[in-house]
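Note: the block below is input.txt and it holds compact mmCIF, C-alpha atoms.
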```
# COMPACT_ATOMS: atom_id res chain seq x y z
CA MET A 1 31.58 -124.01 -68.38
CA LYS A 2 31.50 -127.24 -66.32
CA LYS A 3 33.70 -125.56 -63.69
CA TYR A 4 31.23 -122.63 -63.56
CA TRP A 5 28.17 -124.84 -62.96
CA LEU A 6 30.04 -126.92 -60.37
CA ALA A 7 31.00 -123.79 -58.44
CA LEU A 8 27.42 -122.51 -58.62
CA LEU A 9 26.05 -125.84 -57.38
CA LEU A 10 28.46 -125.84 -54.41
CA LEU A 11 27.38 -122.31 -53.52
CA VAL A 12 23.67 -123.25 -53.55
CA LEU A 13 24.29 -126.35 -51.42
CA THR A 14 26.22 -124.27 -48.90
CA LEU A 15 23.34 -121.80 -48.58
CA VAL A 16 20.74 -124.59 -48.16
CA VAL A 17 22.75 -126.29 -45.40
CA ALA A 18 23.18 -122.98 -43.57
CA ALA A 19 19.41 -122.26 -43.72
CA CYS A 20 18.37 -125.71 -42.43
CA SER A 21 20.83 -125.65 -39.52
CA GLY A 22 18.93 -122.83 -37.72
CA ASP A 23 22.20 -121.10 -36.82
CA LYS A 24 21.89 -117.35 -36.37
CA PRO A 25 24.48 -114.64 -36.08
CA ALA A 26 25.83 -114.60 -32.50
CA ASP A 27 25.42 -110.85 -32.10
CA ASN A 28 21.64 -110.99 -32.79
CA THR A 29 20.53 -113.49 -30.09
CA LYS A 30 21.08 -114.67 -26.55
CA PRO A 31 22.46 -118.16 -25.99
CA ALA A 32 19.76 -120.85 -26.16
CA ASP A 33 19.98 -121.58 -22.41
CA ASP A 34 19.02 -117.97 -21.63
CA ASP A 35 16.04 -117.89 -24.00
CA LYS A 36 13.42 -119.47 -21.72
CA GLY A 37 10.50 -117.12 -22.14
CA THR A 38 9.04 -114.70 -19.59
CA GLU A 39 7.10 -116.95 -17.23
CA SER A 40 9.61 -116.64 -14.38
CA THR A 41 10.75 -113.06 -14.95
CA ASP A 42 9.72 -110.14 -12.78
CA GLU A 43 7.81 -108.50 -15.63
CA GLY A 44 5.75 -110.05 -18.40
CA GLY A 45 4.44 -113.59 -18.51
CA THR A 46 1.23 -114.98 -17.06
CA ILE A 47 -0.08 -115.86 -13.62
CA LYS A 48 -2.39 -118.86 -13.93
CA ILE A 49 -5.09 -119.53 -11.34
CA GLY A 50 -7.05 -122.77 -11.35
CA VAL A 51 -10.46 -122.54 -9.71
CA LEU A 52 -12.27 -125.73 -8.63
CA ALA A 53 -16.03 -125.36 -8.13
CA SER A 54 -19.29 -127.29 -8.30
CA LEU A 55 -20.51 -125.90 -11.61
CA THR A 56 -23.09 -128.67 -12.02
CA GLY A 57 -25.08 -130.79 -9.59
CA ALA A 58 -26.59 -130.10 -6.18
CA LEU A 59 -24.16 -127.28 -5.29
CA GLU A 60 -24.18 -125.66 -8.74
CA SER A 61 -25.56 -122.35 -7.46
CA TYR A 62 -22.73 -122.12 -4.91
CA GLY A 63 -20.08 -122.80 -7.54
CA LYS A 64 -21.46 -120.20 -9.92
CA GLN A 65 -21.65 -117.60 -7.15
CA THR A 66 -17.98 -118.25 -6.40
CA GLN A 67 -17.13 -117.98 -10.11
CA ARG A 68 -18.87 -114.62 -10.52
CA GLY A 69 -17.29 -113.29 -7.34
CA PHE A 70 -13.82 -114.45 -8.33
CA ASP A 71 -14.01 -112.81 -11.76
CA LEU A 72 -15.22 -109.56 -10.20
CA GLY A 73 -12.56 -109.77 -7.49
CA ILE A 74 -9.68 -110.03 -9.96
CA GLU A 75 -11.12 -107.09 -11.88
CA TYR A 76 -11.56 -105.01 -8.72
CA ALA A 77 -8.13 -105.79 -7.28
CA THR A 78 -6.33 -105.00 -10.56
CA ASP A 79 -8.35 -101.84 -11.35
CA GLY A 80 -9.71 -103.56 -14.44
CA SER A 81 -6.31 -104.35 -16.00
CA MET A 82 -6.42 -108.09 -15.16
CA GLU A 83 -2.68 -107.80 -14.60
CA VAL A 84 -0.37 -107.63 -11.60
CA ASN A 85 3.18 -106.30 -11.80
CA GLY A 86 3.03 -106.52 -15.60
CA LYS A 87 1.86 -110.14 -15.64
CA LYS A 88 -1.46 -111.13 -17.14
CA ILE A 89 -3.83 -113.13 -14.95
CA GLU A 90 -5.42 -116.18 -16.56
CA ILE A 91 -8.27 -117.98 -14.76
CA ILE A 92 -9.08 -121.62 -15.56
CA TYR A 93 -12.31 -123.05 -14.12
CA GLU A 94 -12.90 -126.75 -13.59
CA ASP A 95 -16.13 -128.44 -12.49
CA THR A 96 -15.64 -130.89 -9.61
CA GLU A 97 -19.22 -132.17 -10.00
CA THR A 98 -19.15 -132.30 -6.17
CA LYS A 99 -17.28 -135.60 -6.37
CA PRO A 100 -13.93 -135.87 -4.52
CA GLU A 101 -12.42 -138.22 -7.09
CA VAL A 102 -13.33 -135.80 -9.89
CA ALA A 103 -11.92 -132.90 -7.87
CA VAL A 104 -8.59 -134.71 -7.61
CA GLN A 105 -8.56 -135.43 -11.35
CA LYS A 106 -9.34 -131.82 -12.23
CA ALA A 107 -6.81 -130.42 -9.75
CA THR A 108 -4.11 -132.74 -11.12
CA LYS A 109 -4.93 -131.56 -14.64
CA LEU A 110 -4.65 -127.93 -13.56
CA LEU A 111 -1.31 -128.55 -11.86
CA GLU A 112 0.32 -130.81 -14.44
CA ASP A 113 -1.15 -129.76 -17.77
CA ASP A 114 -2.11 -126.13 -17.22
CA LYS A 115 0.81 -125.40 -14.88
CA VAL A 116 -1.25 -123.15 -12.63
CA ASP A 117 0.44 -121.00 -9.99
CA PHE A 118 -2.53 -121.10 -7.59
CA LEU A 119 -5.46 -123.36 -6.80
CA VAL A 120 -8.76 -122.01 -5.45
CA GLY A 121 -11.78 -123.98 -4.22
CA SER A 122 -13.96 -125.75 -3.68
CA SER A 123 -17.73 -125.61 -3.11
CA SER A 124 -17.71 -128.89 -1.18
CA SER A 125 -15.64 -129.73 1.89
CA GLY A 126 -15.29 -133.30 0.65
CA ASP A 127 -13.83 -132.12 -2.67
CA THR A 128 -11.51 -129.71 -0.91
CA LEU A 129 -10.17 -132.22 1.61
CA ALA A 130 -9.35 -134.60 -1.25
CA VAL A 131 -7.31 -131.93 -3.04
CA LEU A 132 -5.37 -130.46 -0.09
CA PRO A 133 -2.45 -132.93 -0.32
CA LEU A 134 -1.86 -131.95 -3.97
CA ALA A 135 -1.14 -128.34 -2.98
CA GLU A 136 1.63 -129.59 -0.73
CA GLU A 137 2.91 -132.15 -3.24
CA TYR A 138 3.17 -129.59 -6.05
CA GLU A 139 4.16 -126.74 -3.70
CA LYS A 140 1.40 -124.39 -4.83
CA ILE A 141 -0.72 -122.03 -2.74
CA MET A 142 -4.35 -123.14 -2.46
CA VAL A 143 -6.90 -120.56 -1.32
CA VAL A 144 -9.89 -122.42 0.10
CA GLU A 145 -13.29 -120.90 -0.71
CA PRO A 146 -16.05 -121.57 0.33
CA ALA A 147 -15.64 -125.05 1.92
CA VAL A 148 -16.16 -124.81 5.69
CA ALA A 149 -14.98 -128.07 7.31
CA ASP A 150 -12.85 -127.29 10.35
CA SER A 151 -10.41 -130.04 9.40
CA ILE A 152 -9.27 -128.07 6.32
CA THR A 153 -7.37 -125.64 8.53
CA GLY A 154 -7.26 -128.18 11.37
CA SER A 155 -6.17 -131.81 11.23
CA GLU A 156 -5.64 -131.82 7.43
CA PHE A 157 -3.84 -128.46 7.28
CA ASN A 158 -0.59 -127.95 5.42
CA GLU A 159 1.41 -124.75 5.02
CA TYR A 160 0.26 -124.15 1.42
CA ILE A 161 -3.39 -123.82 2.48
CA PHE A 162 -4.99 -120.41 3.12
CA ARG A 163 -8.74 -120.02 3.64
CA THR A 164 -10.83 -116.92 2.93
CA GLY A 165 -14.05 -118.90 3.52
CA ARG A 166 -15.18 -119.04 7.12
CA ASN A 167 -15.01 -122.40 8.91
CA SER A 168 -17.67 -124.30 10.86
CA SER A 169 -16.43 -123.01 14.19
CA GLN A 170 -16.85 -119.39 13.10
CA ASP A 171 -20.43 -120.20 12.16
CA ALA A 172 -20.89 -121.96 15.48
CA TYR A 173 -19.67 -119.07 17.62
CA ALA A 174 -22.08 -116.73 15.83
CA ALA A 175 -24.95 -119.21 16.09
CA ALA A 176 -24.38 -120.00 19.76
CA ALA A 177 -24.27 -116.33 20.67
CA ALA A 178 -27.78 -115.99 19.24
CA ILE A 179 -29.53 -118.72 21.29
CA ALA A 180 -27.33 -120.52 23.84
CA GLY A 181 -27.43 -119.87 27.57
CA LYS A 182 -27.47 -121.60 30.91
CA GLY A 183 -30.07 -124.39 31.03
CA VAL A 184 -31.20 -124.01 27.41
CA LYS A 185 -31.89 -127.37 25.72
CA ILE A 186 -30.89 -127.61 22.07
CA ALA A 187 -31.27 -130.30 19.40
CA THR A 188 -29.16 -130.16 16.23
CA PHE A 189 -30.01 -131.33 12.71
CA ALA A 190 -27.43 -131.58 9.93
CA PRO A 191 -26.40 -133.53 6.80
CA ASP A 192 -24.42 -136.70 7.39
CA TYR A 193 -21.01 -135.71 5.99
CA SER A 194 -18.00 -133.59 6.99
CA PHE A 195 -19.81 -130.25 6.61
CA GLY A 196 -22.58 -131.37 8.97
CA TRP A 197 -20.36 -133.23 11.42
CA ASP A 198 -17.95 -130.34 11.85
CA GLY A 199 -20.78 -127.80 12.04
CA VAL A 200 -22.54 -129.66 14.84
CA GLU A 201 -19.35 -130.42 16.76
CA ALA A 202 -18.27 -126.78 16.65
CA PHE A 203 -21.73 -125.52 17.63
CA LYS A 204 -21.92 -128.01 20.50
CA THR A 205 -18.58 -126.84 21.87
CA ALA A 206 -19.56 -123.17 21.65
CA ALA A 207 -23.09 -123.68 23.06
CA GLU A 208 -21.94 -125.82 26.00
CA LYS A 209 -19.40 -123.16 26.93
CA LEU A 210 -22.35 -120.80 27.29
CA GLY A 211 -24.17 -123.28 29.53
CA ALA A 212 -26.57 -124.91 27.04
CA GLU A 213 -27.34 -128.65 26.91
CA ILE A 214 -27.32 -130.54 23.59
CA VAL A 215 -30.12 -133.11 23.94
CA LEU A 216 -30.00 -134.61 20.43
CA GLU A 217 -27.62 -134.70 17.45
CA GLU A 218 -29.59 -135.84 14.39
CA PHE A 219 -27.91 -136.41 11.01
CA ALA A 220 -29.73 -137.00 7.71
CA ASP A 221 -28.73 -138.26 4.28
CA PRO A 222 -27.47 -135.12 2.44
CA ALA A 223 -29.29 -136.23 -0.73
CA ALA A 224 -32.60 -136.97 1.03
CA THR A 225 -35.85 -135.16 0.34
CA ASP A 226 -37.94 -136.68 3.13
CA PHE A 227 -36.83 -135.81 6.66
CA THR A 228 -39.96 -136.90 8.53
CA SER A 229 -38.32 -139.62 10.62
CA ASN A 230 -35.38 -137.38 11.50
CA LEU A 231 -37.60 -134.49 12.57
CA GLN A 232 -39.86 -136.76 14.63
CA LYS A 233 -36.81 -137.62 16.75
CA VAL A 234 -36.34 -133.90 17.32
CA ILE A 235 -39.95 -133.51 18.43
CA ASP A 236 -39.59 -136.47 20.81
CA ALA A 237 -36.45 -134.93 22.40
CA LYS A 238 -38.47 -131.80 23.40
CA PRO A 239 -35.68 -129.21 23.07
CA ASP A 240 -36.12 -125.47 23.53
CA TYR A 241 -34.38 -124.86 20.20
CA LEU A 242 -33.65 -126.80 17.04
CA PHE A 243 -30.41 -125.58 15.50
CA VAL A 244 -30.14 -126.55 11.83
CA VAL A 245 -26.94 -126.79 9.77
CA TRP A 246 -27.75 -127.29 6.08
CA ALA A 247 -26.47 -126.63 2.56
CA GLY A 248 -28.10 -127.43 -0.76
CA ALA A 249 -31.46 -127.07 -2.48
CA ASN A 250 -33.11 -130.00 -0.63
CA SER A 251 -33.62 -128.01 2.57
CA PRO A 252 -35.84 -129.22 5.45
CA TRP A 253 -37.79 -125.99 5.97
CA ASN A 254 -41.05 -127.06 4.34
CA GLN A 255 -41.22 -130.24 6.39
CA ILE A 256 -40.36 -128.34 9.56
CA ALA A 257 -43.40 -126.17 8.80
CA ASP A 258 -45.59 -129.15 7.84
CA LEU A 259 -44.81 -130.88 11.15
CA LYS A 260 -45.62 -127.65 13.02
CA ILE A 261 -42.44 -127.91 15.04
CA GLN A 262 -42.54 -124.28 16.16
CA GLU A 263 -46.16 -124.67 17.26
CA LYS A 264 -44.93 -127.45 19.54
CA GLY A 265 -42.83 -124.93 21.43
CA ILE A 266 -39.54 -125.66 19.66
CA LYS A 267 -37.88 -122.51 18.31
CA ILE A 268 -35.86 -122.80 15.11
CA SER A 269 -32.43 -121.22 14.66
CA THR A 270 -29.99 -121.43 11.78
CA GLY A 271 -27.73 -119.46 9.54
CA ALA A 272 -29.46 -117.33 6.91
CA PRO A 273 -28.54 -119.14 3.65
CA ASP A 274 -28.48 -118.07 0.01
CA ILE A 275 -31.48 -116.32 -1.54
CA ILE A 276 -32.84 -119.46 -3.21
CA ALA A 277 -32.97 -121.20 0.17
CA LEU A 278 -34.41 -118.11 1.89
CA LYS A 279 -37.45 -118.47 -0.36
CA PHE A 280 -38.35 -121.61 1.60
CA MET A 281 -37.95 -119.92 5.00
CA ASN A 282 -41.12 -117.84 5.14
CA PRO A 283 -42.35 -120.07 7.99
CA LEU A 284 -39.31 -118.86 9.98
CA VAL A 285 -40.05 -115.11 9.90
CA GLY A 286 -38.98 -113.64 13.24
CA MET A 287 -36.27 -116.24 13.77
CA GLU A 288 -33.01 -114.95 15.25
CA GLY A 289 -29.85 -116.51 13.92
CA PHE A 290 -26.71 -115.49 12.08
CA SER A 291 -25.57 -114.65 8.56
CA VAL A 292 -22.27 -115.10 6.78
CA TYR A 293 -23.35 -112.49 4.21
CA TYR A 294 -26.39 -110.74 2.83
CA HIS A 295 -25.78 -107.85 0.49
CA THR A 296 -27.34 -105.17 2.75
CA LEU A 297 -25.42 -106.17 5.90
CA PRO A 298 -21.80 -104.97 5.33
CA GLN A 299 -21.28 -101.23 4.99
CA ASN A 300 -17.99 -100.63 3.16
CA ASP A 301 -16.72 -99.44 -0.22
CA VAL A 302 -15.73 -102.90 -1.51
CA ASN A 303 -19.20 -104.30 -0.88
CA LYS A 304 -20.82 -101.24 -2.46
CA TRP A 305 -18.73 -101.79 -5.61
CA LEU A 306 -19.67 -105.49 -5.65
CA VAL A 307 -23.39 -104.86 -5.25
CA ASP A 308 -23.45 -102.09 -7.87
CA GLU A 309 -21.41 -104.00 -10.47
CA HIS A 310 -23.24 -107.28 -9.90
CA GLN A 311 -26.60 -105.62 -10.42
CA LYS A 312 -25.37 -103.88 -13.59
CA ARG A 313 -24.00 -107.06 -15.15
CA PHE A 314 -26.38 -109.75 -13.96
CA ASN A 315 -29.51 -107.76 -13.06
CA GLU A 316 -29.52 -109.26 -9.56
CA VAL A 317 -27.78 -108.76 -6.23
CA PRO A 318 -24.75 -110.83 -5.17
CA ASP A 319 -25.61 -113.90 -3.12
CA LEU A 320 -24.15 -115.80 -0.18
CA PHE A 321 -20.91 -117.05 -1.77
CA THR A 322 -20.27 -114.25 -4.26
CA PRO A 323 -18.29 -112.09 -1.78
CA GLY A 324 -16.22 -115.11 -0.81
CA GLY A 325 -15.15 -115.64 -4.40
CA MET A 326 -14.27 -111.96 -4.57
CA SER A 327 -12.32 -112.12 -1.29
CA SER A 328 -10.22 -115.08 -2.45
CA ALA A 329 -9.32 -113.23 -5.67
CA ILE A 330 -8.41 -110.06 -3.76
CA SER A 331 -6.16 -112.04 -1.41
CA ILE A 332 -4.20 -113.53 -4.30
CA VAL A 333 -3.71 -110.20 -6.06
CA GLU A 334 -2.71 -108.51 -2.79
CA ALA A 335 -0.10 -111.21 -2.15
CA LEU A 336 1.25 -110.90 -5.70
CA LYS A 337 1.50 -107.13 -5.37
CA GLN A 338 3.62 -107.59 -2.27
CA SER A 339 5.76 -110.26 -3.95
CA GLU A 340 6.19 -108.02 -7.04
CA GLY A 341 4.49 -110.63 -9.20
CA VAL A 342 6.60 -113.58 -8.06
CA ALA A 343 4.43 -116.69 -7.58
CA ASP A 344 6.98 -118.72 -5.61
CA ALA A 345 4.97 -120.46 -2.88
CA LYS A 346 7.58 -120.17 -0.14
CA LYS A 347 7.85 -116.43 -0.65
CA LEU A 348 4.05 -116.10 -0.77
CA ILE A 349 3.61 -118.06 2.48
CA ASP A 350 5.84 -115.56 4.28
CA ILE A 351 3.79 -112.69 2.83
CA MET A 352 0.33 -114.17 3.39
CA GLU A 353 0.80 -115.27 7.02
CA GLY A 354 -0.72 -112.42 9.01
CA MET A 355 -1.69 -110.51 5.84
CA SER A 356 -4.76 -108.26 6.04
CA PHE A 357 -6.80 -107.27 3.00
CA GLU A 358 -10.07 -105.45 2.31
CA THR A 359 -13.08 -107.47 1.17
CA PRO A 360 -16.86 -107.07 0.80
CA LYS A 361 -17.09 -108.23 4.44
CA GLY A 362 -14.56 -105.69 5.64
CA THR A 363 -11.01 -106.44 6.70
CA MET A 364 -9.93 -110.08 6.66
CA THR A 365 -6.66 -111.33 8.17
CA PHE A 366 -4.97 -114.68 7.55
CA ARG A 367 -4.11 -115.95 11.03
CA GLU A 368 -0.45 -116.99 11.15
CA GLU A 369 -1.01 -120.22 13.06
CA ASP A 370 -3.49 -121.91 10.69
CA HIS A 371 -4.00 -119.49 7.75
CA GLN A 372 -7.71 -119.16 8.56
CA ALA A 373 -9.11 -115.77 7.57
CA LEU A 374 -10.60 -114.01 10.60
CA GLN A 375 -13.69 -112.07 9.47
CA SER A 376 -16.91 -110.41 10.50
CA MET A 377 -20.20 -112.31 10.87
CA TYR A 378 -23.69 -110.94 11.46
CA SER A 379 -26.32 -111.51 14.15
CA ILE A 380 -29.66 -111.20 12.33
CA ARG A 381 -33.43 -111.52 12.50
CA LEU A 382 -35.51 -112.73 9.54
CA GLU A 383 -38.13 -110.16 8.55
CA LYS A 384 -40.58 -109.75 5.68
CA GLN A 385 -39.81 -106.96 3.24
CA GLU A 386 -42.26 -105.53 0.73
CA GLY A 387 -41.60 -106.59 -2.84
CA LEU A 388 -39.60 -109.70 -1.95
CA ASP A 389 -40.90 -113.26 -1.78
CA TYR A 390 -38.46 -114.33 0.93
CA PRO A 391 -37.63 -113.14 4.47
CA VAL A 392 -34.68 -110.75 4.68
CA PRO A 393 -31.82 -111.01 7.20
CA VAL A 394 -31.91 -107.73 9.14
CA LEU A 395 -28.88 -106.75 11.18
CA ILE A 396 -29.04 -106.99 14.96
CA ARG A 397 -25.32 -106.39 15.32
CA GLU A 398 -22.07 -107.10 13.51
CA LEU A 399 -19.95 -109.78 15.15
CA SER A 400 -16.29 -108.78 14.95
CA PRO A 401 -13.48 -111.06 13.68
CA GLU A 402 -12.25 -111.30 17.27
CA GLU A 403 -15.66 -112.47 18.55
CA THR A 404 -15.99 -115.25 16.01
CA ALA A 405 -12.32 -116.31 15.89
CA PRO A 406 -12.32 -120.12 15.98
CA PRO A 407 -9.88 -122.15 18.05
CA VAL A 408 -6.58 -123.13 16.40
CA MET A 409 -6.95 -126.81 15.56
CA ASN A 410 -3.97 -127.72 13.37
```
Can you present the structure in this file as C-alpha cells?
Amino acid sequence: MKKYWLALLLLVLTLVVAACSGDKPADNTKPADDDKGTESTDEGGTIKIGVLASLTGALESYGKQTQRGFDLGIEYATDGSMEVNGKKIEIIYEDTETKPEVAVQKATKLLEDDKVDFLVGSSSSGDTLAVLPLAEEYEKIMVVEPAVADSITGSEFNEYIFRTGRNSSQDAYAAAAAIAGKGVKIATFAPDYSFGWDGVEAFKTAAEKLGAEIVLEEFADPAATDFTSNLQKVIDAKPDYLFVVWAGANSPWNQIADLKIQEKGIKISTGAPDIIALKFMNPLVGMEGFSVYYHTLPQNDVNKWLVDEHQKRFNEVPDLFTPGGMSSAISIVEALKQSEGVADAKKLIDIMEGMSFETPKGTMTFREEDHQALQSMYSIRLEKQEGLDYPVPVLIRELSPEETAPPVMN
C-alpha cells in the first residue's frame, strides 16, 4: 500500500511541475522568437497616430477644428472602416496647451509610451517647431497641420516632416496679389512671435516684388487686448493699406474700427479668418483680401462630403482649420495604402515625396524639395449675407497651387 501511495504522489508531482513550466507541445506552437504579435506584419495590427493640438487656451477653437477634421478625414479616406490594409487606425489626441515645453512632453509621451507610428500637429508654430527634432530622433513621419511658420519647412526642416497646412509665404503671395502694386505704400501689423514674423517677412518679399513699399512693420504682444499705441503708429505712417496678420480671439478689428482707420484713408486688407473672428469684421465689409478656406469657396466632391457630414453631426458648417485636419488624415491614409500598410518612415518618405491626394481644397501635392503641400488659395471680397451676423468671403477667383507656391527655403 505504501508503494502505491508513493507512486501516486510521484505522478501528481510530475503533472504539477509540467503545468507550471509553461511548456507546450512543439507541434501546436511557433517558437517563442517568432511569436511577436501582429504589429509589424503586412496584415492585422494597429496603426497609431498621435495628434498634437491646442485643445485648451487661446487657440482652443483651432485645435478642435483640426480634431474634428482629422476624425472625419480618417473616416472618409477609409470608407468608414477606420482601417487600412487590414490594420486598425487608432488616434490619440494630446493637448499642447499652446506651450512648447508641454508640446515636447506630450510628443515624447506619444512616441515612447504610446509607440505611435505618426505625429500630426500642431495648432501653434511655436509648439510645432519645438517638436520637429523629435520626429527625426525617433524616425517617425510628422504631418504638420495647421502651423504656418515658414521655418517649419525651411530652416528647421528635416526629412520626416511633411506639411498639409499652408505656410506664411503661401498666404503672403495670395495677400500681395490682392493689394500690392507699383508705388503702393503698405504698413503691416502682426503678433510678436514666429507666426507674425514669418507672415510679415513673406508678405514684404512678395509685395516688394510687385513694386509696393513697406513703410511700417508693427508687432504687438500676441496676448494683448489693447492695441491703441500700435495702431497709432500705423496712422502716423500714412500708408495706403494696412495689411494685418493675426490669429486668436483677441483680434484688433474693433479697435481698428474705433480709431476710424479706414475713414483716415487707410484701406484694410487681411486673410479672412475663422467664423468666430469674422463676427468682429463687420466694419471691414467690402474689403478685398484672401482666404485659406471658407466652406462655400471650393467646389469638389471631398468638400461637399465634408460640409454635408459636418452639418449632420455638429449642426454647423466646417470652419477654417477643419479641412486642414481632414487633409492631413487623407494624406496619411493615402501613403499607407501605397505602402500596403507598412509604417516604416523611410519607405513612406519615398512614397510621400511628390505624392498628390484629393482634399476639401482640391488636389494637394507634397513638393519633393521641402515636403510643403502646394494647394489652392482664394482671392475674396467680404460681403454681407442675409441671415448671418458676419461678413462672408465671396470668391473673386481661385488662386492655383502654382500661383501661390512659396519659395524653397530649406
Hey, what's within 7 Å of segment 368-377 of chain A if we count only C-alpha atoms and toss same-chain stuff fewer than 6 positions away? As a count of residues only, please? 19
Just want the 7 Å neighbourhood of Ile74 of chain A, counted on all atoms listed in the file, with same-chain residues fewer than 4 positions away dropped. Output as a list of chain:residue names.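 In the requested form, the answer reads A:Phe70, A:Thr78, A:Met82, A:Ala329, A:Ile330.
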Sorted by chain and rising residue number, which residues of segment 298-367 of chain A lie within 12 Å of segment 267-286 of chain A, and what are their closest atom pairs and distances in Å to one decimal, counting only C-alpha atoms, as a Markdown table?
```
| residue | atom | partner | partner_atom | distance |
| --- | --- | --- | --- | --- |
| A:Glu316 | CA | A:Ile275 | CA | 10.9 |
| A:Val317 | CA | A:Ile275 | CA | 9.6 |
| A:Pro318 | CA | A:Ile275 | CA | 9.4 |
| A:Asp319 | CA | A:Asp274 | CA | 6.0 |
| A:Leu320 | CA | A:Asp274 | CA | 4.9 |
| A:Phe321 | CA | A:Asp274 | CA | 7.8 |
| A:Thr322 | CA | A:Asp274 | CA | 10.0 |
| A:Pro323 | CA | A:Asp274 | CA | 11.9 |
```
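Look at everything within 7 Å of (-5.4, -130.2, 15.4) using only C-alpha atoms, and the residues you get are A:Gly154, A:Ser155, A:Met409, A:Asn410.
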So which residues touch segment 110-118 of chain A within 6 Å, counting all atoms listed in the file, skipping near sequence neighbours fewer than 2 positions away, as a PyMOL selection string? chain A and resi 48-50+107-108+140-142
In terms of the shortest atom-to-atom distance over only C-alpha atoms, which of A:Asp350, A:Val120, A:Asp258, A:Phe357 is closest to Ile92 of chain A?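 Distance minimum relative to Ile92 of chain A lands on A:Val120.
When atom CA of Lys238 of chain A is paired with atom CA of Ala202 of chain A, their separation reads 21.9 Å.
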List the neighbours of Ala175 of chain A out to 10 Å using only C-alpha atoms; skip same-chain residues closer than 5 positions along the sequence, and give me the result as a CSV table (one decimal) with C-alpha atoms, in the coordinates of the input.
```
chain,number,residue,atom,x,y,z
A,169,SER,CA,-16.4,-123.0,14.2
A,170,GLN,CA,-16.8,-119.4,13.1
A,180,ALA,CA,-27.3,-120.5,23.8
A,203,PHE,CA,-21.7,-125.5,17.6
A,206,ALA,CA,-19.6,-123.2,21.6
A,207,ALA,CA,-23.1,-123.7,23.1
A,243,PHE,CA,-30.4,-125.6,15.5
A,244,VAL,CA,-30.1,-126.6,11.8
A,269,SER,CA,-32.4,-121.2,14.7
A,270,THR,CA,-30.0,-121.4,11.8
A,271,GLY,CA,-27.7,-119.5,9.5
A,288,GLU,CA,-33.0,-115.0,15.2
A,289,GLY,CA,-29.8,-116.5,13.9
A,290,PHE,CA,-26.7,-115.5,12.1
A,291,SER,CA,-25.6,-114.6,8.6
A,377,MET,CA,-20.2,-112.3,10.9
A,378,TYR,CA,-23.7,-110.9,11.5
A,379,SER,CA,-26.3,-111.5,14.2
A,404,THR,CA,-16.0,-115.2,16.0
```
Please indicate the distance in Å from atom CA of Thr188 of chain A to atom CA of Ala224 of chain A, rounded to one decimal place.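 Calculated distance between atom CA of Thr188 of chain A and atom CA of Ala224 of chain A is 17.0 Å.
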N, CA, C and O atoms are what I want for segment 215-225 of chain A; can you complete it accordingly and write them as a short mmCIF file (atom, residue, chain, number, x, y, z; two decimals), in the frame of the given file?
```
data_model
loop_
_atom_site.label_atom_id
_atom_site.label_comp_id
_atom_site.auth_asym_id
_atom_site.auth_seq_id
_atom_site.Cartn_x
_atom_site.Cartn_y
_atom_site.Cartn_z
N VAL A 215 -29.33 -131.93 23.58
CA VAL A 215 -30.12 -133.11 23.94
C VAL A 215 -30.24 -134.11 22.79
O VAL A 215 -30.65 -135.26 23.01
N LEU A 216 -29.91 -133.70 21.57
CA LEU A 216 -30.00 -134.61 20.43
C LEU A 216 -29.12 -134.09 19.30
O LEU A 216 -29.11 -132.89 19.01
N GLU A 217 -28.37 -135.00 18.67
CA GLU A 217 -27.62 -134.70 17.45
C GLU A 217 -28.16 -135.60 16.35
O GLU A 217 -27.88 -136.80 16.33
N GLU A 218 -28.94 -135.04 15.44
CA GLU A 218 -29.59 -135.84 14.39
C GLU A 218 -28.97 -135.51 13.03
O GLU A 218 -28.87 -134.34 12.63
N PHE A 219 -28.53 -136.57 12.33
CA PHE A 219 -27.91 -136.41 11.01
C PHE A 219 -28.76 -137.11 9.96
O PHE A 219 -29.28 -138.21 10.19
N ALA A 220 -28.90 -136.46 8.79
CA ALA A 220 -29.73 -137.00 7.71
C ALA A 220 -28.90 -137.17 6.44
O ALA A 220 -27.88 -136.49 6.24
N ASP A 221 -29.34 -138.06 5.58
CA ASP A 221 -28.73 -138.26 4.28
C ASP A 221 -28.71 -136.92 3.53
O ASP A 221 -29.75 -136.30 3.34
N PRO A 222 -27.53 -136.44 3.10
CA PRO A 222 -27.47 -135.12 2.44
C PRO A 222 -28.22 -135.05 1.13
O PRO A 222 -28.54 -133.96 0.65
N ALA A 223 -28.54 -136.21 0.54
CA ALA A 223 -29.29 -136.23 -0.73
C ALA A 223 -30.78 -136.49 -0.52
O ALA A 223 -31.55 -136.55 -1.47
N ALA A 224 -31.21 -136.63 0.73
CA ALA A 224 -32.60 -136.97 1.03
C ALA A 224 -33.54 -135.81 0.71
O ALA A 224 -33.14 -134.65 0.67
N THR A 225 -34.81 -136.17 0.51
CA THR A 225 -35.85 -135.16 0.34
C THR A 225 -36.97 -135.33 1.37
O THR A 225 -37.82 -134.45 1.49
#
```
